file final.cif (mmCIF, C-alpha atoms; chains and numbers go by the auth columns)
data_input
#
loop_
_atom_site.group_PDB
_atom_site.id
_atom_site.type_symbol
_atom_site.label_atom_id
_atom_site.label_comp_id
_atom_site.label_asym_id
_atom_site.label_seq_id
_atom_site.Cartn_x
_atom_site.Cartn_y
_atom_site.Cartn_z
_atom_site.B_iso_or_equiv
_atom_site.auth_seq_id
_atom_site.auth_asym_id
ATOM 1 C CA MET A 1 -18.747 -2.468 -46.669 0.00 1 A
ATOM 2 C CA ILE A 2 -17.379 -4.913 -44.097 0.00 2 A
ATOM 3 C CA ARG A 3 -18.347 -8.556 -44.357 0.00 3 A
ATOM 4 C CA ALA A 4 -17.182 -12.000 -43.295 0.00 4 A
ATOM 5 C CA VAL A 5 -14.611 -13.793 -45.420 0.00 5 A
ATOM 6 C CA SER A 6 -15.629 -16.817 -47.448 0.00 6 A
ATOM 7 C CA GLU A 7 -13.153 -19.288 -48.886 0.00 7 A
ATOM 8 C CA PRO A 8 -13.252 -17.812 -52.426 0.00 8 A
ATOM 9 C CA ASP A 9 -12.027 -14.504 -50.896 0.00 9 A
ATOM 10 C CA ILE A 10 -8.855 -16.099 -49.520 0.00 10 A
ATOM 11 C CA PRO A 11 -6.493 -15.566 -52.504 0.00 11 A
ATOM 12 C CA ARG A 12 -7.244 -11.831 -52.563 0.00 12 A
ATOM 13 C CA CYS A 13 -7.025 -11.627 -48.760 0.00 13 A
ATOM 14 C CA ALA A 14 -3.509 -13.085 -48.867 0.00 14 A
ATOM 15 C CA GLU A 15 -2.511 -10.507 -51.491 0.00 15 A
ATOM 16 C CA VAL A 16 -3.996 -7.623 -49.493 0.00 16 A
ATOM 17 C CA ILE A 17 -2.225 -8.697 -46.305 0.00 17 A
ATOM 18 C CA ARG A 18 1.157 -9.134 -48.012 0.00 18 A
ATOM 19 C CA GLU A 19 0.903 -5.851 -49.926 0.00 19 A
ATOM 20 C CA SER A 20 -0.232 -3.939 -46.852 0.00 20 A
ATOM 21 C CA PHE A 21 2.499 -5.266 -44.568 0.00 21 A
ATOM 22 C CA LYS A 22 5.138 -4.834 -47.281 0.00 22 A
ATOM 23 C CA THR A 23 5.144 -1.066 -46.701 0.00 23 A
ATOM 24 C CA VAL A 24 6.231 -1.671 -43.090 0.00 24 A
ATOM 25 C CA ALA A 25 8.857 -4.129 -44.281 0.00 25 A
ATOM 26 C CA ASP A 26 10.209 -1.610 -46.769 0.00 26 A
ATOM 27 C CA GLU A 27 10.188 1.233 -44.243 0.00 27 A
ATOM 28 C CA LEU A 28 12.009 -0.751 -41.564 0.00 28 A
ATOM 29 C CA GLY A 29 14.320 -2.766 -43.819 0.00 29 A
ATOM 30 C CA PHE A 30 12.739 -6.203 -43.414 0.00 30 A
ATOM 31 C CA THR A 31 13.398 -8.700 -46.188 0.00 31 A
ATOM 32 C CA PRO A 32 12.510 -12.348 -46.825 0.00 32 A
ATOM 33 C CA GLU A 33 16.113 -13.092 -45.857 0.00 33 A
ATOM 34 C CA ASN A 34 16.226 -11.271 -42.506 0.00 34 A
ATOM 35 C CA ALA A 35 12.557 -11.712 -41.537 0.00 35 A
ATOM 36 C CA PRO A 36 11.050 -14.663 -43.438 0.00 36 A
ATOM 37 C CA ARG A 37 8.305 -15.065 -40.820 0.00 37 A
ATOM 38 C CA PHE A 38 7.170 -11.434 -41.047 0.00 38 A
ATOM 39 C CA THR A 39 3.585 -11.102 -42.258 0.00 39 A
ATOM 40 C CA ALA A 40 4.527 -9.501 -45.588 0.00 40 A
ATOM 41 C CA PHE A 41 6.453 -12.626 -46.524 0.00 41 A
ATOM 42 C CA ALA A 42 4.804 -15.426 -44.535 0.00 42 A
ATOM 43 C CA VAL A 43 1.070 -15.196 -45.259 0.00 43 A
ATOM 44 C CA THR A 44 -0.123 -17.745 -47.807 0.00 44 A
ATOM 45 C CA GLU A 45 -3.507 -18.839 -49.075 0.00 45 A
ATOM 46 C CA GLU A 46 -2.981 -22.202 -47.402 0.00 46 A
ATOM 47 C CA ARG A 47 -2.294 -20.556 -44.053 0.00 47 A
ATOM 48 C CA LEU A 48 -5.440 -18.420 -44.286 0.00 48 A
ATOM 49 C CA ILE A 49 -7.569 -21.415 -45.282 0.00 49 A
ATOM 50 C CA TYR A 50 -6.224 -23.282 -42.254 0.00 50 A
ATOM 51 C CA GLN A 51 -6.992 -20.309 -39.999 0.00 51 A
ATOM 52 C CA LEU A 52 -10.525 -20.057 -41.406 0.00 52 A
ATOM 53 C CA ASN A 53 -11.447 -23.750 -41.407 0.00 53 A
ATOM 54 C CA GLU A 54 -9.301 -25.341 -38.684 0.00 54 A
ATOM 55 C CA GLU A 55 -8.686 -22.541 -36.180 0.00 55 A
ATOM 56 C CA ASN A 56 -12.165 -21.100 -36.764 0.00 56 A
ATOM 57 C CA ARG A 57 -10.825 -17.562 -36.888 0.00 57 A
ATOM 58 C CA HIS A 58 -13.373 -14.874 -37.503 0.00 58 A
ATOM 59 C CA MET A 59 -12.141 -13.145 -40.671 0.00 59 A
ATOM 60 C CA TYR A 60 -13.505 -9.956 -42.168 0.00 60 A
ATOM 61 C CA ILE A 61 -12.845 -7.824 -45.210 0.00 61 A
ATOM 62 C CA PHE A 62 -13.522 -4.274 -46.279 0.00 62 A
ATOM 63 C CA VAL A 63 -14.890 -4.225 -49.826 0.00 63 A
ATOM 64 C CA SER A 64 -14.999 -1.109 -51.987 0.00 64 A
ATOM 65 C CA GLY A 65 -15.830 -0.952 -55.674 0.00 65 A
ATOM 66 C CA GLY A 66 -16.064 -4.735 -55.731 0.00 66 A
ATOM 67 C CA ASP A 67 -12.478 -5.190 -54.502 0.00 67 A
ATOM 68 C CA ILE A 68 -11.121 -6.276 -51.142 0.00 68 A
ATOM 69 C CA ILE A 69 -9.027 -3.411 -49.779 0.00 69 A
ATOM 70 C CA GLY A 70 -8.872 -4.216 -46.047 0.00 70 A
ATOM 71 C CA TYR A 71 -8.738 -7.226 -43.760 0.00 71 A
ATOM 72 C CA PHE A 72 -8.539 -8.453 -40.169 0.00 72 A
ATOM 73 C CA SER A 73 -9.101 -11.628 -38.189 0.00 73 A
ATOM 74 C CA ILE A 74 -10.013 -12.423 -34.610 0.00 74 A
ATOM 75 C CA LEU A 75 -8.865 -15.542 -32.815 0.00 75 A
ATOM 76 C CA VAL A 76 -10.967 -16.266 -29.729 0.00 76 A
ATOM 77 C CA GLN A 77 -8.824 -17.703 -26.953 0.00 77 A
ATOM 78 C CA ALA A 78 -9.530 -18.890 -23.411 0.00 78 A
ATOM 79 C CA ASP A 79 -10.952 -16.831 -20.582 0.00 79 A
ATOM 80 C CA GLY A 80 -12.708 -14.231 -22.725 0.00 80 A
ATOM 81 C CA VAL A 81 -9.548 -13.067 -24.475 0.00 81 A
ATOM 82 C CA CYS A 82 -9.269 -12.646 -28.218 0.00 82 A
ATOM 83 C CA GLU A 83 -6.392 -11.713 -30.447 0.00 83 A
ATOM 84 C CA LEU A 84 -6.669 -9.266 -33.331 0.00 84 A
ATOM 85 C CA ASN A 85 -4.513 -10.278 -36.277 0.00 85 A
ATOM 86 C CA ASN A 86 -3.403 -8.692 -39.525 0.00 86 A
ATOM 87 C CA LEU A 87 -5.613 -5.615 -39.487 0.00 87 A
ATOM 88 C CA CYS A 88 -4.568 -3.912 -42.701 0.00 88 A
ATOM 89 C CA VAL A 89 -5.597 -1.564 -45.489 0.00 89 A
ATOM 90 C CA LEU A 90 -4.031 -1.414 -48.929 0.00 90 A
ATOM 91 C CA PRO A 91 -1.554 1.477 -49.165 0.00 91 A
ATOM 92 C CA GLY A 92 -3.575 3.298 -51.830 0.00 92 A
ATOM 93 C CA HIS A 93 -6.592 3.466 -49.499 0.00 93 A
ATOM 94 C CA ARG A 94 -4.940 4.556 -46.275 0.00 94 A
ATOM 95 C CA HIS A 95 -5.938 7.770 -44.511 0.00 95 A
ATOM 96 C CA GLU A 96 -9.560 7.289 -45.615 0.00 96 A
ATOM 97 C CA GLY A 97 -10.743 6.064 -42.201 0.00 97 A
ATOM 98 C CA ILE A 98 -10.990 2.437 -43.317 0.00 98 A
ATOM 99 C CA GLY A 99 -8.585 1.152 -40.678 0.00 99 A
ATOM 100 C CA ALA A 100 -10.631 2.862 -37.966 0.00 100 A
ATOM 101 C CA LYS A 101 -13.830 1.320 -39.330 0.00 101 A
ATOM 102 C CA LEU A 102 -12.212 -2.112 -39.379 0.00 102 A
ATOM 103 C CA LEU A 103 -10.918 -1.744 -35.820 0.00 103 A
ATOM 104 C CA GLU A 104 -14.259 -0.503 -34.494 0.00 104 A
ATOM 105 C CA TYR A 105 -15.985 -3.417 -36.235 0.00 105 A
ATOM 106 C CA ALA A 106 -13.419 -5.827 -34.743 0.00 106 A
ATOM 107 C CA LEU A 107 -14.083 -4.492 -31.256 0.00 107 A
ATOM 108 C CA GLU A 108 -17.847 -4.878 -31.743 0.00 108 A
ATOM 109 C CA ARG A 109 -17.451 -8.442 -33.050 0.00 109 A
ATOM 110 C CA ALA A 110 -15.160 -9.337 -30.140 0.00 110 A
ATOM 111 C CA GLU A 111 -17.777 -8.219 -27.645 0.00 111 A
ATOM 112 C CA GLU A 112 -20.479 -10.157 -29.515 0.00 112 A
ATOM 113 C CA LEU A 113 -18.224 -13.223 -29.314 0.00 113 A
ATOM 114 C CA GLY A 114 -18.134 -12.854 -25.535 0.00 114 A
ATOM 115 C CA CYS A 115 -14.615 -11.475 -25.290 0.00 115 A
ATOM 116 C CA SER A 116 -13.710 -9.131 -22.467 0.00 116 A
ATOM 117 C CA LYS A 117 -10.203 -8.295 -23.668 0.00 117 A
ATOM 118 C CA MET A 118 -8.500 -7.915 -27.053 0.00 118 A
ATOM 119 C CA ASP A 119 -4.762 -8.455 -27.469 0.00 119 A
ATOM 120 C CA ILE A 120 -2.607 -7.344 -30.377 0.00 120 A
ATOM 121 C CA GLY A 121 1.018 -7.699 -31.346 0.00 121 A
ATOM 122 C CA ILE A 122 2.814 -5.015 -33.323 0.00 122 A
ATOM 123 C CA VAL A 123 6.285 -4.148 -34.525 0.00 123 A
ATOM 124 C CA GLU A 124 7.456 -2.186 -31.498 0.00 124 A
ATOM 125 C CA GLU A 125 9.609 0.103 -33.629 0.00 125 A
ATOM 126 C CA ASN A 126 6.511 1.245 -35.543 0.00 126 A
ATOM 127 C CA ARG A 127 5.721 4.172 -33.233 0.00 127 A
ATOM 128 C CA VAL A 128 3.006 5.563 -35.526 0.00 128 A
ATOM 129 C CA LEU A 129 1.053 2.320 -35.338 0.00 129 A
ATOM 130 C CA ARG A 130 1.450 2.119 -31.563 0.00 130 A
ATOM 131 C CA ARG A 131 0.062 5.660 -31.165 0.00 131 A
ATOM 132 C CA TRP A 132 -2.789 4.815 -33.541 0.00 132 A
ATOM 133 C CA TYR A 133 -3.871 1.860 -31.393 0.00 133 A
ATOM 134 C CA GLU A 134 -3.435 3.917 -28.217 0.00 134 A
ATOM 135 C CA GLY A 135 -5.914 6.379 -29.723 0.00 135 A
ATOM 136 C CA PHE A 136 -8.501 3.583 -29.576 0.00 136 A
ATOM 137 C CA GLY A 137 -7.774 2.808 -25.931 0.00 137 A
ATOM 138 C CA PHE A 138 -5.192 0.066 -26.309 0.00 138 A
ATOM 139 C CA VAL A 139 -2.551 -0.029 -23.587 0.00 139 A
ATOM 140 C CA HIS A 140 1.041 -1.142 -24.129 0.00 140 A
ATOM 141 C CA THR A 141 1.756 -4.209 -21.978 0.00 141 A
ATOM 142 C CA GLY A 142 5.272 -5.264 -22.918 0.00 142 A
ATOM 143 C CA VAL A 143 7.830 -6.288 -25.484 0.00 143 A
ATOM 144 C CA LYS A 144 9.608 -9.449 -26.522 0.00 144 A
ATOM 145 C CA LYS A 145 12.583 -10.018 -28.799 0.00 145 A
ATOM 146 C CA PHE A 146 12.606 -13.148 -30.947 0.00 146 A
ATOM 147 C CA ASP A 147 15.777 -14.403 -32.645 0.00 147 A
ATOM 148 C CA PHE A 148 13.923 -14.929 -35.929 0.00 148 A
ATOM 149 C CA PHE A 149 12.850 -11.265 -36.234 0.00 149 A
ATOM 150 C CA PRO A 150 15.101 -8.220 -36.745 0.00 150 A
ATOM 151 C CA PHE A 151 12.669 -6.175 -34.653 0.00 151 A
ATOM 152 C CA THR A 152 11.043 -6.217 -31.246 0.00 152 A
ATOM 153 C CA CYS A 153 7.470 -7.415 -30.850 0.00 153 A
ATOM 154 C CA GLY A 154 5.284 -5.046 -28.874 0.00 154 A
ATOM 155 C CA TYR A 155 2.127 -6.178 -27.136 0.00 155 A
ATOM 156 C CA MET A 156 -0.992 -4.170 -26.429 0.00 156 A
ATOM 157 C CA GLU A 157 -4.421 -4.868 -24.999 0.00 157 A
ATOM 158 C CA LYS A 158 -7.812 -3.285 -24.662 0.00 158 A
ATOM 159 C CA ILE A 159 -10.381 -4.192 -22.040 0.00 159 A
ATOM 160 C CA LEU A 160 -13.771 -4.430 -23.742 0.00 160 A
#

call {"tool": "encode", "arguments": {"input": "final.cif", "output": "structure tokens"}}
result
Amino acid sequence: MIRAVSEPDIPRCAEVIRESFKTVADELGFTPENAPRFTAFAVTEERLIYQLNEENRHMYIFVSGGDIIGYFSILVQADGVCELNNLCVLPGHRHEGIGAKLLEYALERAEELGCSKMDIGIVEENRVLRRWYEGFGFVHTGVKKFDFFPFTCGYMEKIL
């Protein structure tokens, strides 16, 4: 079941995000020392509460067996553009189609919110993830290297 996040969900959401992104960190050699701003290390309850209450992000969770096992948020920006953030599924529940359900739900919500385009940022070196998003119609639009990350940020978009 997918539903909107409420503030009591936030502690578990932070755990799910960190645990989910930690597998990427481990695979690609990211650590709190070489990538302290990477999602696996940077997401806190306080940050999510701020995003929910101050940025008015639209946050959703996938609940199974009474536990939160997936998450994503949408930040509506100007000119009908929205940004998909932190779409993730706990490692033990991957390859069950949950990520696809979350992404399809995100695309539906974005359209309902009046968005005409969805942007995402990914770790460019994560080729599997890039192909996964391409399978849903996302198009690669560019890359950017930041000094504070040991990887390249890739950018993708989908016209809704």

call {"tool": "closest_residue", "arguments": {"input": "final.cif", "among": "A:Gly97, A:Pro32, A:Gly65, A:Gly137", "to": "A:Lys158", "atoms": "all atoms listed in the file"}}
result
A:Gly137

call {"tool": "resolve_selection", "arguments": {"input": "final.cif", "expression": "the PyMOL selection byres ((chain A and resi 84) around 8)", "output": "VMD selection string"}}
result
chain A and resid 72 to 75 82 to 83 85 to 87 106 118 to 120

call {"tool": "write_last_selection", "arguments": {"input": "final.cif", "atoms": "C-alpha atoms", "output": "JSON list (two decimals), keeping the file's coordinate frame"}}
result
[["chain", "number", "residue", "atom", "x", "y", "z"],
["A", 72, "PHE", "CA", -8.54, -8.45, -40.17],
["A", 73, "SER", "CA", -9.10, -11.63, -38.19],
["A", 74, "ILE", "CA", -10.01, -12.42, -34.61],
["A", 75, "LEU", "CA", -8.86, -15.54, -32.82],
["A", 82, "CYS", "CA", -9.27, -12.65, -28.22],
["A", 83, "GLU", "CA", -6.39, -11.71, -30.45],
["A", 85, "ASN", "CA", -4.51, -10.28, -36.28],
["A", 86, "ASN", "CA", -3.40, -8.69, -39.52],
["A", 87, "LEU", "CA", -5.61, -5.62, -39.49],
["A", 106, "ALA", "CA", -13.42, -5.83, -34.74],
["A", 118, "MET", "CA", -8.50, -7.92, -27.05],
["A", 119, "ASP", "CA", -4.76, -8.46, -27.47],
["A", 120, "ILE", "CA", -2.61, -7.34, -30.38]]

call {"tool": "resolve_selection", "arguments": {"input": "final.cif", "expression": "the PyMOL selection byres ((chain A and resi 88) around 9)", "output": "list in words"}}
result
Val16, Ile17, Ser20, Phe21, Ile69, Gly70, Tyr71, Phe72, Asn86, Leu87, Val89, Leu90, Pro91, Gly99 and Leu102 of chain A

call {"tool": "closest_residue", "arguments": {"input": "final.cif", "among": "A:Ala14, A:Val123, A:Met1, A:Met156", "to": "A:Glu45", "atoms": "only C-alpha atoms"}}
result
A:Ala14

call {"tool": "closest_residue", "arguments": {"input": "final.cif", "among": "A:Ala100, A:Ile159, A:Val81, A:Cys153", "to": "A:Tyr133", "atoms": "all atoms listed in the file"}}
result
A:Ala100

call {"tool": "axis_aligned_box", "arguments": {"input": "final.cif", "around": "stretch 76-85 of chain A", "padding_each_side": "8 Å", "output": "JSON"}}
result
{"center_x": -8.6, "center_y": -14.1, "center_z": -28.4, "size_x": 24.2, "size_y": 25.6, "size_z": 31.7}

call {"tool": "residues_around", "arguments": {"input": "final.cif", "residues": "A:Lys145", "least_positions_apart": "6", "cutoff": "10 Å", "atoms": "only C-alpha atoms", "output": "ChimeraX atom specification"}}
result
/A:124,151-154

call {"tool": "write_last_selection", "arguments": {"input": "final.cif", "atoms": "C-alpha atoms", "output": "JSON list (two decimals), in the coordinates of the input"}}
result
[["chain", "number", "residue", "atom", "x", "y", "z"],
["A", 124, "GLU", "CA", 7.46, -2.19, -31.50],
["A", 151, "PHE", "CA", 12.67, -6.18, -34.65],
["A", 152, "THR", "CA", 11.04, -6.22, -31.25],
["A", 153, "CYS", "CA", 7.47, -7.42, -30.85],
["A", 154, "GLY", "CA", 5.28, -5.05, -28.87]]

call {"tool": "atom_distance", "arguments": {"input": "final.cif", "atom1": "atom CA of A:Glu125", "atom2": "atom CA of A:Phe38"}}
result
13.9 Å

call {"tool": "resolve_selection", "arguments": {"input": "final.cif", "expression": "the PyMOL selection byres ((chain A and resi 49) around 12)", "output": "VMD selection string"}}
result
chain A and resid 5 to 11 13 to 14 43 to 48 50 to 59

call {"tool": "write_last_selection", "arguments": {"input": "final.cif", "atoms": "C-alpha atoms", "output": "PDB file, keeping the file's coordinate frame"}}
result
ATOM      1  CA  VAL A   5     -14.611 -13.793 -45.420  1.00  0.00           C
ATOM      2  CA  SER A   6     -15.629 -16.817 -47.448  1.00  0.00           C
ATOM      3  CA  GLU A   7     -13.153 -19.288 -48.886  1.00  0.00           C
ATOM      4  CA  PRO A   8     -13.252 -17.812 -52.426  1.00  0.00           C
ATOM      5  CA  ASP A   9     -12.027 -14.504 -50.896  1.00  0.00           C
ATOM      6  CA  ILE A  10      -8.855 -16.099 -49.520  1.00  0.00           C
ATOM      7  CA  PRO A  11      -6.493 -15.566 -52.504  1.00  0.00           C
ATOM      8  CA  CYS A  13      -7.025 -11.627 -48.760  1.00  0.00           C
ATOM      9  CA  ALA A  14      -3.509 -13.085 -48.867  1.00  0.00           C
ATOM     10  CA  VAL A  43       1.070 -15.196 -45.259  1.00  0.00           C
ATOM     11  CA  THR A  44      -0.123 -17.745 -47.807  1.00  0.00           C
ATOM     12  CA  GLU A  45      -3.507 -18.839 -49.075  1.00  0.00           C
ATOM     13  CA  GLU A  46      -2.981 -22.202 -47.402  1.00  0.00           C
ATOM     14  CA  ARG A  47      -2.294 -20.556 -44.053  1.00  0.00           C
ATOM     15  CA  LEU A  48      -5.440 -18.420 -44.286  1.00  0.00           C
ATOM     16  CA  TYR A  50      -6.224 -23.282 -42.254  1.00  0.00           C
ATOM     17  CA  GLN A  51      -6.992 -20.309 -39.999  1.00  0.00           C
ATOM     18  CA  LEU A  52     -10.525 -20.057 -41.406  1.00  0.00           C
ATOM     19  CA  ASN A  53     -11.447 -23.750 -41.407  1.00  0.00           C
ATOM     20  CA  GLU A  54      -9.301 -25.341 -38.684  1.00  0.00           C
ATOM     21  CA  GLU A  55      -8.686 -22.541 -36.180  1.00  0.00           C
ATOM     22  CA  ASN A  56     -12.165 -21.100 -36.764  1.00  0.00           C
ATOM     23  CA  ARG A  57     -10.825 -17.562 -36.888  1.00  0.00           C
ATOM     24  CA  HIS A  58     -13.373 -14.874 -37.503  1.00  0.00           C
ATOM     25  CA  MET A  59     -12.141 -13.145 -40.671  1.00  0.00           C
TER      26      MET A  59
END

call {"tool": "closest_residue", "arguments": {"input": "final.cif", "among": "A:Thr31, A:His93, A:Glu157, A:Pro150", "to": "A:Glu134", "atoms": "all atoms listed in the file"}}
result
A:Glu157

call {"tool": "closest_residue", "arguments": {"input": "final.cif", "among": "A:Val76, A:Ile68, A:Ala4, A:Leu160", "to": "A:Ile98", "atoms": "all atoms listed in the file"}}
result
A:Ile68

call {"tool": "atom_distance", "arguments": {"input": "final.cif", "atom1": "atom CA of A:His140", "atom2": "atom CA of A:Tyr155"}}
result
6.0 Å
